[in-house]
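K.L.:
Input work_9.cif, format and content: mmCIF, C-alpha atoms.
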```cif
data_work
loop_
_atom_site.group_PDB
_atom_site.id
_atom_site.type_symbol
_atom_site.label_atom_id
_atom_site.label_comp_id
_atom_site.auth_asym_id
_atom_site.auth_seq_id
_atom_site.Cartn_x
_atom_site.Cartn_y
_atom_site.Cartn_z
ATOM 1 C CA THR A 1 -5.794 -41.002 -3.738
ATOM 2 C CA ALA A 2 -3.276 -43.326 -2.095
ATOM 3 C CA PRO A 3 -2.780 -42.881 1.650
ATOM 4 C CA VAL A 4 0.301 -41.022 2.831
ATOM 5 C CA THR A 5 2.979 -43.456 3.969
ATOM 6 C CA THR A 6 4.816 -43.375 7.287
ATOM 7 C CA ASP A 7 8.039 -42.968 5.302
ATOM 8 C CA THR A 8 6.751 -39.706 3.795
ATOM 9 C CA VAL A 9 5.762 -38.340 7.195
ATOM 10 C CA LEU A 10 9.153 -39.204 8.689
ATOM 11 C CA ARG A 11 11.002 -37.649 5.763
ATOM 12 C CA LEU A 12 9.084 -34.397 6.137
ATOM 13 C CA ALA A 13 9.755 -34.433 9.883
ATOM 14 C CA ALA A 14 13.479 -34.889 9.153
ATOM 15 C CA ALA A 15 13.372 -31.911 6.784
ATOM 16 C CA LEU A 16 11.822 -29.789 9.530
ATOM 17 C CA GLU A 17 14.577 -30.827 11.943
ATOM 18 C CA LEU A 18 17.213 -29.855 9.382
ATOM 19 C CA ILE A 19 15.742 -26.427 8.620
ATOM 20 C CA GLN A 20 15.496 -25.845 12.384
ATOM 21 C CA SER A 21 19.185 -26.751 12.682
ATOM 22 C CA CYS A 22 20.033 -24.276 9.927
ATOM 23 C CA ALA A 23 18.107 -21.521 11.699
ATOM 24 C CA LEU A 24 19.735 -22.177 15.088
ATOM 25 C CA ILE A 25 23.271 -22.420 13.693
ATOM 26 C CA HIS A 26 22.956 -19.182 11.738
ATOM 27 C CA ASP A 27 21.157 -17.430 14.601
ATOM 28 C CA ASP A 28 24.024 -18.235 16.972
ATOM 29 C CA VAL A 29 26.545 -16.903 14.447
ATOM 30 C CA MET A 30 24.654 -13.645 13.898
ATOM 31 C CA ASP A 31 24.053 -13.127 17.625
ATOM 32 C CA GLY A 32 27.562 -14.155 18.622
ATOM 33 C CA SER A 33 26.070 -16.651 21.088
ATOM 34 C CA LEU A 34 28.673 -19.042 22.446
ATOM 35 C CA LEU A 35 26.258 -21.524 24.029
ATOM 36 C CA ARG A 36 23.324 -23.519 22.727
ATOM 37 C CA ARG A 37 21.455 -25.724 25.197
ATOM 38 C CA GLY A 38 24.352 -25.752 27.616
ATOM 39 C CA ARG A 39 26.954 -26.778 25.041
ATOM 40 C CA PRO A 40 29.200 -24.741 22.740
ATOM 41 C CA ALA A 41 27.384 -23.323 19.732
ATOM 42 C CA LEU A 42 28.652 -24.845 16.481
ATOM 43 C CA HIS A 43 30.789 -21.856 15.469
ATOM 44 C CA ALA A 44 32.322 -21.768 18.964
ATOM 45 C CA GLU A 45 33.026 -25.501 18.818
ATOM 46 C CA PHE A 46 34.741 -25.149 15.433
ATOM 47 C CA ALA A 47 36.767 -22.196 16.729
ATOM 48 C CA ALA A 48 37.924 -24.146 19.797
ATOM 49 C CA ARG A 49 38.871 -27.180 17.739
ATOM 50 C CA TYR A 50 40.728 -25.200 15.065
ATOM 51 C CA PRO A 51 42.127 -21.984 16.624
ATOM 52 C CA ASP A 52 42.922 -19.164 14.199
ATOM 53 C CA THR A 53 46.631 -18.623 13.683
ATOM 54 C CA ARG A 54 46.330 -15.744 11.217
ATOM 55 C CA PRO A 55 46.772 -12.101 12.216
ATOM 56 C CA ARG A 56 43.602 -10.316 13.228
ATOM 57 C CA GLY A 57 41.672 -8.657 10.449
ATOM 58 C CA ARG A 58 42.411 -11.353 7.871
ATOM 59 C CA GLY A 59 38.829 -12.247 6.995
ATOM 60 C CA THR A 60 36.097 -14.098 8.826
ATOM 61 C CA SER A 61 37.179 -16.641 11.423
ATOM 62 C CA PHE A 62 37.227 -20.321 10.545
ATOM 63 C CA GLY A 63 34.638 -21.153 13.190
ATOM 64 C CA THR A 64 32.134 -18.645 11.819
ATOM 65 C CA SER A 65 32.724 -19.629 8.193
ATOM 66 C CA ALA A 66 32.457 -23.350 8.919
ATOM 67 C CA ALA A 67 29.227 -22.877 10.860
ATOM 68 C CA ILE A 68 27.698 -20.858 8.009
ATOM 69 C CA LEU A 69 28.536 -23.693 5.630
ATOM 70 C CA ALA A 70 27.051 -26.256 8.025
ATOM 71 C CA GLY A 71 23.834 -24.255 8.254
ATOM 72 C CA ASN A 72 23.686 -23.924 4.469
ATOM 73 C CA LEU A 73 24.191 -27.668 4.128
ATOM 74 C CA ALA A 74 21.374 -28.392 6.582
ATOM 75 C CA LEU A 75 19.047 -26.125 4.583
ATOM 76 C CA SER A 76 20.090 -27.760 1.295
ATOM 77 C CA TRP A 77 19.469 -31.239 2.675
ATOM 78 C CA ALA A 78 16.067 -30.136 3.982
ATOM 79 C CA ASP A 79 15.107 -28.785 0.546
ATOM 80 C CA ASP A 80 16.351 -31.980 -1.118
ATOM 81 C CA ILE A 81 14.149 -34.111 1.124
ATOM 82 C CA VAL A 82 11.031 -32.044 0.472
ATOM 83 C CA THR A 83 11.505 -31.816 -3.298
ATOM 84 C CA ASP A 84 11.992 -35.599 -3.465
ATOM 85 C CA LEU A 85 8.628 -36.332 -1.820
ATOM 86 C CA THR A 86 6.265 -38.215 -4.130
ATOM 87 C CA SER A 87 3.034 -38.406 -2.108
ATOM 88 C CA PRO A 88 -0.140 -37.012 -3.748
ATOM 89 C CA PRO A 89 -0.267 -33.669 -1.830
ATOM 90 C CA VAL A 90 3.327 -32.835 -2.783
ATOM 91 C CA ASP A 91 2.348 -29.570 -4.534
ATOM 92 C CA ALA A 92 0.572 -28.264 -1.424
ATOM 93 C CA VAL A 93 3.523 -29.311 0.747
ATOM 94 C CA LEU A 94 5.988 -27.541 -1.540
ATOM 95 C CA ARG A 95 3.951 -24.322 -1.483
ATOM 96 C CA LEU A 96 3.841 -24.342 2.319
ATOM 97 C CA TRP A 97 7.523 -25.219 2.552
ATOM 98 C CA ARG A 98 8.571 -22.321 0.324
ATOM 99 C CA THR A 99 6.396 -19.913 2.280
ATOM 100 C CA MET A 100 7.808 -21.143 5.601
ATOM 101 C CA ARG A 101 11.386 -20.844 4.379
ATOM 102 C CA THR A 102 10.829 -17.241 3.270
ATOM 103 C CA GLU A 103 9.083 -16.326 6.529
ATOM 104 C CA MET A 104 11.979 -17.731 8.561
ATOM 105 C CA VAL A 105 14.547 -15.623 6.697
ATOM 106 C CA ALA A 106 12.342 -12.517 6.836
ATOM 107 C CA GLY A 107 11.958 -12.885 10.598
ATOM 108 C CA GLN A 108 15.704 -13.203 11.072
ATOM 109 C CA TYR A 109 16.288 -10.108 8.941
ATOM 110 C CA LEU A 110 13.783 -8.055 10.922
ATOM 111 C CA ASP A 111 15.450 -9.250 14.132
ATOM 112 C CA LEU A 112 18.858 -8.109 12.878
ATOM 113 C CA HIS A 113 17.437 -4.813 11.598
ATOM 114 C CA ALA A 114 15.879 -4.043 14.975
ATOM 115 C CA GLN A 115 19.143 -4.813 16.773
ATOM 116 C CA HIS A 116 21.065 -2.590 14.356
ATOM 117 C CA THR A 117 18.704 0.387 14.574
ATOM 118 C CA GLY A 118 17.989 0.027 18.288
ATOM 119 C CA GLY A 119 14.307 0.868 17.944
ATOM 120 C CA GLY A 120 10.983 -0.715 17.194
ATOM 121 C CA SER A 121 7.388 -0.823 18.352
ATOM 122 C CA THR A 122 5.439 -3.506 20.184
ATOM 123 C CA ALA A 123 3.806 -4.394 16.850
ATOM 124 C CA ARG A 124 7.225 -4.875 15.252
ATOM 125 C CA ALA A 125 8.370 -7.010 18.194
ATOM 126 C CA LEU A 126 5.333 -9.274 17.803
ATOM 127 C CA ARG A 127 5.880 -9.458 14.042
ATOM 128 C CA ILE A 128 9.442 -10.638 14.598
ATOM 129 C CA ALA A 129 8.303 -13.217 17.158
ATOM 130 C CA CYS A 130 5.692 -14.527 14.745
ATOM 131 C CA LEU A 131 7.922 -14.752 11.665
ATOM 132 C CA LYS A 132 11.100 -15.839 13.375
ATOM 133 C CA SER A 133 9.619 -18.412 15.717
ATOM 134 C CA ALA A 134 5.880 -19.078 15.869
ATOM 135 C CA LEU A 135 5.349 -19.813 12.187
ATOM 136 C CA TYR A 136 8.187 -22.172 11.311
ATOM 137 C CA THR A 137 8.379 -23.757 14.766
ATOM 138 C CA VAL A 138 4.700 -24.610 15.317
ATOM 139 C CA GLU A 139 2.131 -23.261 12.843
ATOM 140 C CA ARG A 140 3.713 -24.275 9.533
ATOM 141 C CA PRO A 141 4.622 -27.811 10.698
ATOM 142 C CA LEU A 142 0.955 -28.274 11.665
ATOM 143 C CA ALA A 143 -0.123 -26.955 8.257
ATOM 144 C CA LEU A 144 2.290 -29.345 6.541
ATOM 145 C CA GLY A 145 0.851 -32.256 8.501
ATOM 146 C CA ALA A 146 -2.677 -31.148 7.628
ATOM 147 C CA ALA A 147 -1.710 -30.998 3.942
ATOM 148 C CA LEU A 148 -0.310 -34.525 4.071
ATOM 149 C CA ALA A 149 -3.500 -35.759 5.743
ATOM 150 C CA GLY A 150 -5.735 -34.012 3.238
ATOM 151 C CA ALA A 151 -7.477 -31.963 5.943
ATOM 152 C CA ASP A 152 -10.290 -29.637 4.906
ATOM 153 C CA PRO A 153 -9.675 -25.837 4.952
ATOM 154 C CA THR A 154 -11.681 -25.273 8.154
ATOM 155 C CA THR A 155 -9.692 -27.874 10.076
ATOM 156 C CA THR A 156 -6.418 -26.571 8.650
ATOM 157 C CA ASP A 157 -7.239 -22.973 9.616
ATOM 158 C CA ALA A 158 -8.123 -24.013 13.168
ATOM 159 C CA LEU A 159 -4.932 -26.047 13.506
ATOM 160 C CA CYS A 160 -2.889 -23.107 12.223
ATOM 161 C CA SER A 161 -4.564 -20.735 14.682
ATOM 162 C CA ALA A 162 -3.882 -23.124 17.567
ATOM 163 C CA GLY A 163 -0.280 -23.475 16.434
ATOM 164 C CA ARG A 164 0.314 -19.765 15.982
ATOM 165 C CA CYS A 165 -0.995 -18.988 19.474
ATOM 166 C CA ALA A 166 1.162 -21.709 21.036
ATOM 167 C CA GLY A 167 4.167 -20.585 18.993
ATOM 168 C CA MET A 168 3.770 -16.972 20.064
ATOM 169 C CA ALA A 169 3.464 -18.083 23.700
ATOM 170 C CA PHE A 170 6.636 -20.124 23.228
ATOM 171 C CA GLN A 171 8.586 -17.119 21.939
ATOM 172 C CA LEU A 172 7.313 -14.763 24.639
ATOM 173 C CA ARG A 173 8.276 -17.366 27.253
ATOM 174 C CA ASP A 174 11.704 -17.665 25.640
ATOM 175 C CA ASP A 175 12.086 -13.875 25.860
ATOM 176 C CA LEU A 176 11.396 -14.035 29.605
ATOM 177 C CA LEU A 177 13.874 -16.868 30.077
ATOM 178 C CA GLY A 178 16.494 -14.941 28.108
ATOM 179 C CA VAL A 179 16.380 -12.213 30.755
ATOM 180 C CA PHE A 180 15.209 -13.877 33.971
ATOM 181 C CA GLY A 181 15.988 -17.561 33.352
ATOM 182 C CA ASP A 182 18.427 -19.742 35.270
ATOM 183 C CA PRO A 183 21.408 -20.550 32.977
ATOM 184 C CA ALA A 184 21.628 -23.997 34.559
ATOM 185 C CA ARG A 185 18.168 -24.736 33.166
ATOM 186 C CA THR A 186 18.116 -22.713 29.944
ATOM 187 C CA GLY A 187 21.598 -23.687 28.783
ATOM 188 C CA LYS A 188 22.523 -20.103 27.851
ATOM 189 C CA PRO A 189 23.759 -17.069 29.755
ATOM 190 C CA SER A 190 21.065 -14.937 31.370
ATOM 191 C CA GLY A 191 20.855 -11.414 29.966
ATOM 192 C CA ASP A 192 22.176 -12.204 26.489
ATOM 193 C CA ASP A 193 19.070 -10.708 24.864
ATOM 194 C CA ILE A 194 19.769 -7.433 26.695
ATOM 195 C CA ARG A 195 23.424 -7.305 25.667
ATOM 196 C CA GLU A 196 22.508 -8.199 22.071
ATOM 197 C CA GLY A 197 19.825 -5.513 21.937
ATOM 198 C CA LYS A 198 17.033 -7.899 20.915
ATOM 199 C CA LEU A 199 13.729 -6.200 20.190
ATOM 200 C CA THR A 200 11.519 -8.446 22.296
ATOM 201 C CA TYR A 201 7.905 -7.782 23.200
ATOM 202 C CA LEU A 202 9.103 -7.640 26.813
ATOM 203 C CA LEU A 203 11.494 -4.769 26.077
ATOM 204 C CA ALA A 204 9.082 -2.960 23.763
ATOM 205 C CA ILE A 205 6.323 -2.993 26.401
ATOM 206 C CA ALA A 206 8.722 -1.782 29.100
ATOM 207 C CA ARG A 207 9.859 1.134 26.941
ATOM 208 C CA LEU A 208 6.269 2.049 26.096
ATOM 209 C CA ARG A 209 5.171 2.026 29.725
ATOM 210 C CA ALA A 210 8.209 3.975 30.928
ATOM 211 C CA ASP A 211 7.619 6.627 28.251
ATOM 212 C CA ALA A 212 3.901 6.817 29.073
ATOM 213 C CA ALA A 213 4.696 7.267 32.772
ATOM 214 C CA GLY A 214 7.153 10.070 32.023
ATOM 215 C CA ASP A 215 9.910 8.117 33.792
ATOM 216 C CA ARG A 216 12.883 9.605 31.978
ATOM 217 C CA ALA A 217 15.551 7.726 33.906
ATOM 218 C CA THR A 218 13.996 4.318 33.261
ATOM 219 C CA SER A 219 13.221 5.228 29.661
ATOM 220 C CA ALA A 220 16.831 6.261 29.060
ATOM 221 C CA LEU A 221 18.102 3.039 30.628
ATOM 222 C CA LEU A 222 15.811 0.869 28.500
ATOM 223 C CA HIS A 223 16.814 2.683 25.331
ATOM 224 C CA ASP A 224 20.553 2.979 25.981
ATOM 225 C CA ALA A 225 21.615 -0.181 27.817
ATOM 226 C CA PRO A 226 20.294 -2.891 25.438
ATOM 227 C CA GLY A 227 22.751 -3.583 22.640
ATOM 228 C CA ASP A 228 25.873 -2.942 24.729
ATOM 229 C CA PRO A 229 27.936 -6.165 24.524
ATOM 230 C CA ASP A 230 30.062 -5.008 27.477
ATOM 231 C CA LEU A 231 27.109 -4.211 29.740
ATOM 232 C CA SER A 232 28.138 -4.825 33.341
ATOM 233 C CA VAL A 233 26.391 -7.273 35.627
ATOM 234 C CA SER A 234 25.057 -4.434 37.755
ATOM 235 C CA ASP A 235 23.647 -2.564 34.748
ATOM 236 C CA THR A 236 22.105 -5.778 33.440
ATOM 237 C CA ASP A 237 20.435 -6.189 36.825
ATOM 238 C CA ARG A 238 19.177 -2.590 36.591
ATOM 239 C CA VAL A 239 17.520 -3.419 33.271
ATOM 240 C CA ARG A 240 15.924 -6.529 34.801
ATOM 241 C CA THR A 241 14.594 -4.408 37.655
ATOM 242 C CA ALA A 242 13.170 -1.892 35.178
ATOM 243 C CA LEU A 243 11.461 -4.638 33.188
ATOM 244 C CA GLU A 244 9.677 -5.721 36.354
ATOM 245 C CA ALA A 245 9.041 -2.256 37.790
ATOM 246 C CA THR A 246 7.340 -1.036 34.601
ATOM 247 C CA GLY A 247 5.020 -4.039 34.780
ATOM 248 C CA ALA A 248 6.307 -5.385 31.463
ATOM 249 C CA ARG A 249 7.130 -8.822 32.872
ATOM 250 C CA ALA A 250 3.606 -9.178 34.271
ATOM 251 C CA VAL A 251 2.094 -8.049 30.944
ATOM 252 C CA VAL A 252 4.080 -10.682 29.051
ATOM 253 C CA GLU A 253 3.221 -13.431 31.528
ATOM 254 C CA THR A 254 -0.476 -12.570 31.165
ATOM 255 C CA ALA A 255 -0.151 -12.584 27.373
ATOM 256 C CA ILE A 256 1.429 -16.054 27.484
ATOM 257 C CA GLU A 257 -1.449 -17.455 29.522
ATOM 258 C CA GLN A 258 -4.002 -15.861 27.188
ATOM 259 C CA LEU A 259 -2.245 -17.213 24.092
ATOM 260 C CA ALA A 260 -2.126 -20.696 25.608
ATOM 261 C CA ALA A 261 -5.849 -20.485 26.397
ATOM 262 C CA ASP A 262 -6.591 -19.309 22.847
ATOM 263 C CA SER A 263 -4.547 -22.201 21.468
ATOM 264 C CA ALA A 264 -6.574 -24.684 23.525
ATOM 265 C CA ARG A 265 -9.824 -23.027 22.412
ATOM 266 C CA HIS A 266 -8.935 -23.336 18.723
ATOM 267 C CA LEU A 267 -7.954 -26.969 19.215
ATOM 268 C CA ALA A 268 -11.213 -27.727 21.053
ATOM 269 C CA GLY A 269 -13.214 -26.655 18.009
ATOM 270 C CA ILE A 270 -11.661 -29.286 15.740
ATOM 271 C CA PRO A 271 -13.359 -32.670 15.394
ATOM 272 C CA LEU A 272 -10.482 -34.990 16.292
ATOM 273 C CA ASP A 273 -10.074 -38.484 17.617
ATOM 274 C CA PRO A 274 -9.826 -38.159 21.445
ATOM 275 C CA ALA A 275 -6.371 -39.747 21.520
ATOM 276 C CA VAL A 276 -5.123 -37.336 18.852
ATOM 277 C CA ARG A 277 -6.650 -34.369 20.675
ATOM 278 C CA HIS A 278 -5.025 -35.455 23.942
ATOM 279 C CA ARG A 279 -1.535 -35.796 22.438
ATOM 280 C CA LEU A 280 -1.730 -32.684 20.270
ATOM 281 C CA GLY A 281 -3.017 -30.655 23.206
ATOM 282 C CA ALA A 282 -0.092 -31.847 25.299
ATOM 283 C CA VAL A 283 2.359 -30.831 22.567
ATOM 284 C CA LEU A 284 0.826 -27.362 22.238
ATOM 285 C CA ARG A 285 0.811 -26.818 26.000
ATOM 286 C CA SER A 286 4.435 -27.924 26.153
ATOM 287 C CA ALA A 287 5.345 -25.460 23.396
ATOM 288 C CA ALA A 288 3.545 -22.678 25.233
ATOM 289 C CA GLY A 289 5.223 -23.643 28.506
ATOM 290 C CA THR A 290 1.969 -23.700 30.451
ATOM 291 C CA ARG A 291 0.293 -26.166 32.786
ATOM 292 C CA ASN A 292 -2.718 -28.181 31.744
ATOM 293 C CA THR A 293 -5.741 -26.421 33.183
ATOM 294 C CA ASP A 294 -8.280 -28.147 30.925
ATOM 295 C CA PRO A 295 -10.429 -31.064 32.094
ATOM 296 C CA PRO A 296 -8.437 -34.282 31.502
ATOM 297 C CA THR A 297 -9.239 -36.198 28.376
ATOM 298 C CA THR A 298 -8.821 -39.942 28.517
ATOM 299 C CA PRO A 299 -7.285 -41.332 25.308
ATOM 300 C CA THR A 300 -9.228 -44.135 23.651
#
```
Starting from the file, lay out its structure as structure tokens.

P.N.:
Amino acid sequence: TAPVTTDTVLRLAAALELIQSCALIHDDVMDGSLLRRGRPALHAEFAARYPDTRPRGRGTSFGTSAAILAGNLALSWADDIVTDLTSPPVDAVLRLWRTMRTEMVAGQYLDLHAQHTGGGSTARALRIACLKSALYTVERPLALGAALAGADPTTTDALCSAGRCAGMAFQLRDDLLGVFGDPARTGKPSGDDIREGKLTYLLAIARLRADAAGDRATSALLHDAPGDPDLSVSDTDRVRTALEATGARAVVETAIEQLAADSARHLAGIPLDPAVRHRLGAVLRSAAGTRNTDPPTTPT
């Protein structure tokens, strides 16, 4: 078969950027988040540029509607790019793309469902993190690259395992930053996940440990406070304190380090060019948000 061209690789990368944009735009709308990476989220930017002049209650705001359309357009463009690919492994790429697209939507739905119902187990929290973030952000892009390269099933499976571990570490780290992070560095208000009632692994573990300890006051706080959009600063701080006091923060930090180590272990088992291994390892460690503790590998 003919080798995959650089143009094909770049087009697929552009499609991934567009589907990511769709996910972020729609996520901000559904969460009511006003900031994204320190700047106004798209729906907030539209709303500021074109203020509503209609009486309240007259349909969805312009900013929200325009952002939904922008997200839909990004998804449509991404699909157009992928369906126009002509390289030999196009069928395998299309199958992976369709799976990834469905997983992304399913993860977002489960996230919304958990916020609406206010409950959920640690297993459900991890399922949401996997579907909503780890798969389409890291694992599936690696699988798409492997498909383009014609990688064998063993190599593809190992790459996917490395990517899933790094992607899960990324999401768990993001959950920590959403509660304990510095807004000047994260670009979003601290505590938004609490006020939105996000079912994170961090929150699920804290609830489980508070219940197991018979700590009724902490358990009530962790069940009642999340999801209150008007939660005061002091009550938000009380939730932060509870997340640390139950040991949940330490559990999540340990899980992140273990996932990063597992990612590196899976990568180490793949026969790769040293330069490729070095760069891919750096990307996975960056996604996981961990330091490089492996022996340095000199690219050749």

K.L.:
List the residues matched by the PyMOL selection byres ((chain A and resi 81) around 12) in the displayed structure as a list in words, ordered by chain and then by residue number.

P.N.:
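For this structure, the PyMOL selection byres ((chain A and resi 81) around 12) captures Asp7, Thr8, Val9, Leu10, Arg11, Leu12, Ala13, Ala14, Ala15, Leu16, Glu17, Leu18, Ile19, Ala74, Leu75, Ser76, Trp77, Ala78, Asp79, Asp80, Val82, Thr83, Asp84, Leu85, Thr86, Val90, Val93, Leu94 and Trp97 of chain A.
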
K.L.:
Might I get the box with edges along x, y and z of the file that holds all atoms of range 240-257 of chain A listed there, padded by 5 Å on every side, given as centre and edge lengths in Å to one decimal, as AutoDock Vina command-line options?

P.N.:
```
--center_x 7.2 --center_y -9.2 --center_z 32.6 --size_x 27.4 --size_y 26.4 --size_z 20.4
```

K.L.:
Measuring between all atoms listed in the file, which one of A:Ala250, A:Leu222, A:Leu284, A:Ala70 shows the shortest distance to Thr137 in chain A?

P.N.:
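Ranking A:Ala250, A:Leu222, A:Leu284, A:Ala70 by distance to Thr137 in chain A, first place goes to A:Leu284.
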
K.L.:
Evaluate the PyMOL selection byres ((chain A and resi 252) around 10) and record the selected residues as an mmCIF file with C-alpha atoms, in the coordinates of the input, following the chain and residue labels used in the document.

P.N.:
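Saved file selection-v9.cif follows:
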```cif
data_model
loop_
_atom_site.group_PDB
_atom_site.id
_atom_site.type_symbol
_atom_site.label_atom_id
_atom_site.label_comp_id
_atom_site.auth_asym_id
_atom_site.auth_seq_id
_atom_site.Cartn_x
_atom_site.Cartn_y
_atom_site.Cartn_z
ATOM 1 C CA ALA A 169 3.464 -18.083 23.700
ATOM 2 C CA LEU A 172 7.313 -14.763 24.639
ATOM 3 C CA ARG A 173 8.276 -17.366 27.253
ATOM 4 C CA ASP A 175 12.086 -13.875 25.860
ATOM 5 C CA LEU A 176 11.396 -14.035 29.605
ATOM 6 C CA TYR A 201 7.905 -7.782 23.200
ATOM 7 C CA LEU A 202 9.103 -7.640 26.813
ATOM 8 C CA LEU A 203 11.494 -4.769 26.077
ATOM 9 C CA ILE A 205 6.323 -2.993 26.401
ATOM 10 C CA GLY A 247 5.020 -4.039 34.780
ATOM 11 C CA ALA A 248 6.307 -5.385 31.463
ATOM 12 C CA ARG A 249 7.130 -8.822 32.872
ATOM 13 C CA ALA A 250 3.606 -9.178 34.271
ATOM 14 C CA VAL A 251 2.094 -8.049 30.944
ATOM 15 C CA GLU A 253 3.221 -13.431 31.528
ATOM 16 C CA THR A 254 -0.476 -12.570 31.165
ATOM 17 C CA ALA A 255 -0.151 -12.584 27.373
ATOM 18 C CA ILE A 256 1.429 -16.054 27.484
ATOM 19 C CA GLU A 257 -1.449 -17.455 29.522
ATOM 20 C CA GLN A 258 -4.002 -15.861 27.188
#
```

K.L.:
Please report the interatomic distance between CA of Ala245 in chain A and CA of Ser121 in chain A in Å with one decimal.

P.N.:
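Here the two named atoms are 19.6 Å from each other.
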
K.L.:
Evaluate the PyMOL selection byres ((chain A and resi 189) around 10) here and jot the selected residues down as a PDB file with C-alpha atoms, in the frame of the given file.

P.N.:
```pdb
ATOM      1  CA  SER A  33      26.070 -16.651  21.088  1.00  0.00           C
ATOM      2  CA  LEU A  34      28.673 -19.042  22.446  1.00  0.00           C
ATOM      3  CA  LEU A  35      26.258 -21.524  24.029  1.00  0.00           C
ATOM      4  CA  ARG A  36      23.324 -23.519  22.727  1.00  0.00           C
ATOM      5  CA  GLY A  38      24.352 -25.752  27.616  1.00  0.00           C
ATOM      6  CA  LEU A 177      13.874 -16.868  30.077  1.00  0.00           C
ATOM      7  CA  GLY A 178      16.494 -14.941  28.108  1.00  0.00           C
ATOM      8  CA  VAL A 179      16.380 -12.213  30.755  1.00  0.00           C
ATOM      9  CA  GLY A 181      15.988 -17.561  33.352  1.00  0.00           C
ATOM     10  CA  ASP A 182      18.427 -19.742  35.270  1.00  0.00           C
ATOM     11  CA  PRO A 183      21.408 -20.550  32.977  1.00  0.00           C
ATOM     12  CA  ALA A 184      21.628 -23.997  34.559  1.00  0.00           C
ATOM     13  CA  THR A 186      18.116 -22.713  29.944  1.00  0.00           C
ATOM     14  CA  GLY A 187      21.598 -23.687  28.783  1.00  0.00           C
ATOM     15  CA  LYS A 188      22.523 -20.103  27.851  1.00  0.00           C
ATOM     16  CA  SER A 190      21.065 -14.937  31.370  1.00  0.00           C
ATOM     17  CA  GLY A 191      20.855 -11.414  29.966  1.00  0.00           C
ATOM     18  CA  ASP A 192      22.176 -12.204  26.489  1.00  0.00           C
ATOM     19  CA  ASP A 193      19.070 -10.708  24.864  1.00  0.00           C
TER      20      ASP A 193
END
```

K.L.:
Can you pull out every residue within 9 Å of Leu96 in chain A, counting only C-alpha atoms, but drop anything in the same chain fewer than 6 positions away, and send it as a list in words?

P.N.:
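The contact residues come out as Arg140, Ala143, Leu144 and Ala147 of chain A.
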
K.L.:
So how far away is CA of Cys130 in chain A from CA of Ala287 in chain A, in Å?

P.N.:
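Between these atoms lies a distance of 13.9 Å.
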
K.L.:
Please indicate the distance in Å from CA of Ile194 in chain A to CA of Asp235 in chain A, rounded to one decimal place.

P.N.:
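Between CA of Ile194 in chain A and CA of Asp235 in chain A the gap works out to 10.2 Å.
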
K.L.:
Using all atoms listed in the file, pick whichever of A:His278, A:Arg209, A:Arg240, A:His116 has the shortest atom-to-atom distance to Glu196 in chain A.

P.N.:
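Of the candidates, the smallest distance to Glu196 in chain A is held by A:His116.
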
K.L.:
Of the residues A:Thr154, A:Arg39, A:His113, A:Ala146, which is the one nearest to Ile270 in chain A, using all atoms listed in the file?

P.N.:
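For Ile270 in chain A, the nearest of the given residues is A:Thr154.
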
K.L.:
For Met30 in chain A, which residue out of A:Asp111, A:Asp273, A:Glu244, A:Asp224 is the nearest one, using all atoms listed in the file?

P.N.:
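Closest residue, counting all atoms listed in the file: A:Asp111.
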
K.L.:
Need the shell around range 122-125 of chain A: protein/DNA/RNA residues with any atom at most 6 Å away, counting all atoms listed in the file. Skip same-chain ones fewer than 6 positions apart. Format as a count of residues only?

P.N.:
4

K.L.:
Using all atoms listed in the file, determine which residues lie at most 9 Å from Met100 in chain A, disregarding the query and same-chain residues fewer than 4 positions distant; provide the list as a list in words.

P.N.:
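Within the cut-off, the hits are Arg95, Leu96, Met104, Val105, Leu131, Leu135, Tyr136, Arg140 and Pro141 of chain A.
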
K.L.:
Fewer than 2 positions away in the same chain doesn't count, so skip those; otherwise give me all residues within 10 Å of Asp157 in chain A, counting all atoms listed in the file, as a count of residues only.

P.N.:
16

K.L.:
I need the residue nearest Ala129 in chain A from this list: A:Ala48, A:Leu243, A:Ala268, A:Cys165. Use all atoms listed in the file for the distance.

P.N.:
A:Cys165

K.L.:
Calculated over all atoms listed in the file, which of the candidates A:Gly71, A:Gly227, A:Gly214, A:Gly167 has the smallest distance to Gly197 in chain A?

P.N.:
A:Gly227

K.L.:
Please list as a VMD selection string every residue within 8 Å of Asp52 in chain A, counting only C-alpha atoms and excluding residues in the same chain fewer than 2 positions away.

P.N.:
chain A and resid 47 50 54 61 to 62

K.L.:
How would the residues just picked look written out with C-alpha atoms as an mmCIF file, keeping the file's coordinate frame?

P.N.:
```cif
data_model
loop_
_atom_site.group_PDB
_atom_site.id
_atom_site.type_symbol
_atom_site.label_atom_id
_atom_site.label_comp_id
_atom_site.auth_asym_id
_atom_site.auth_seq_id
_atom_site.Cartn_x
_atom_site.Cartn_y
_atom_site.Cartn_z
ATOM 1 C CA ALA A 47 36.767 -22.196 16.729
ATOM 2 C CA TYR A 50 40.728 -25.200 15.065
ATOM 3 C CA ARG A 54 46.330 -15.744 11.217
ATOM 4 C CA SER A 61 37.179 -16.641 11.423
ATOM 5 C CA PHE A 62 37.227 -20.321 10.545
#
```
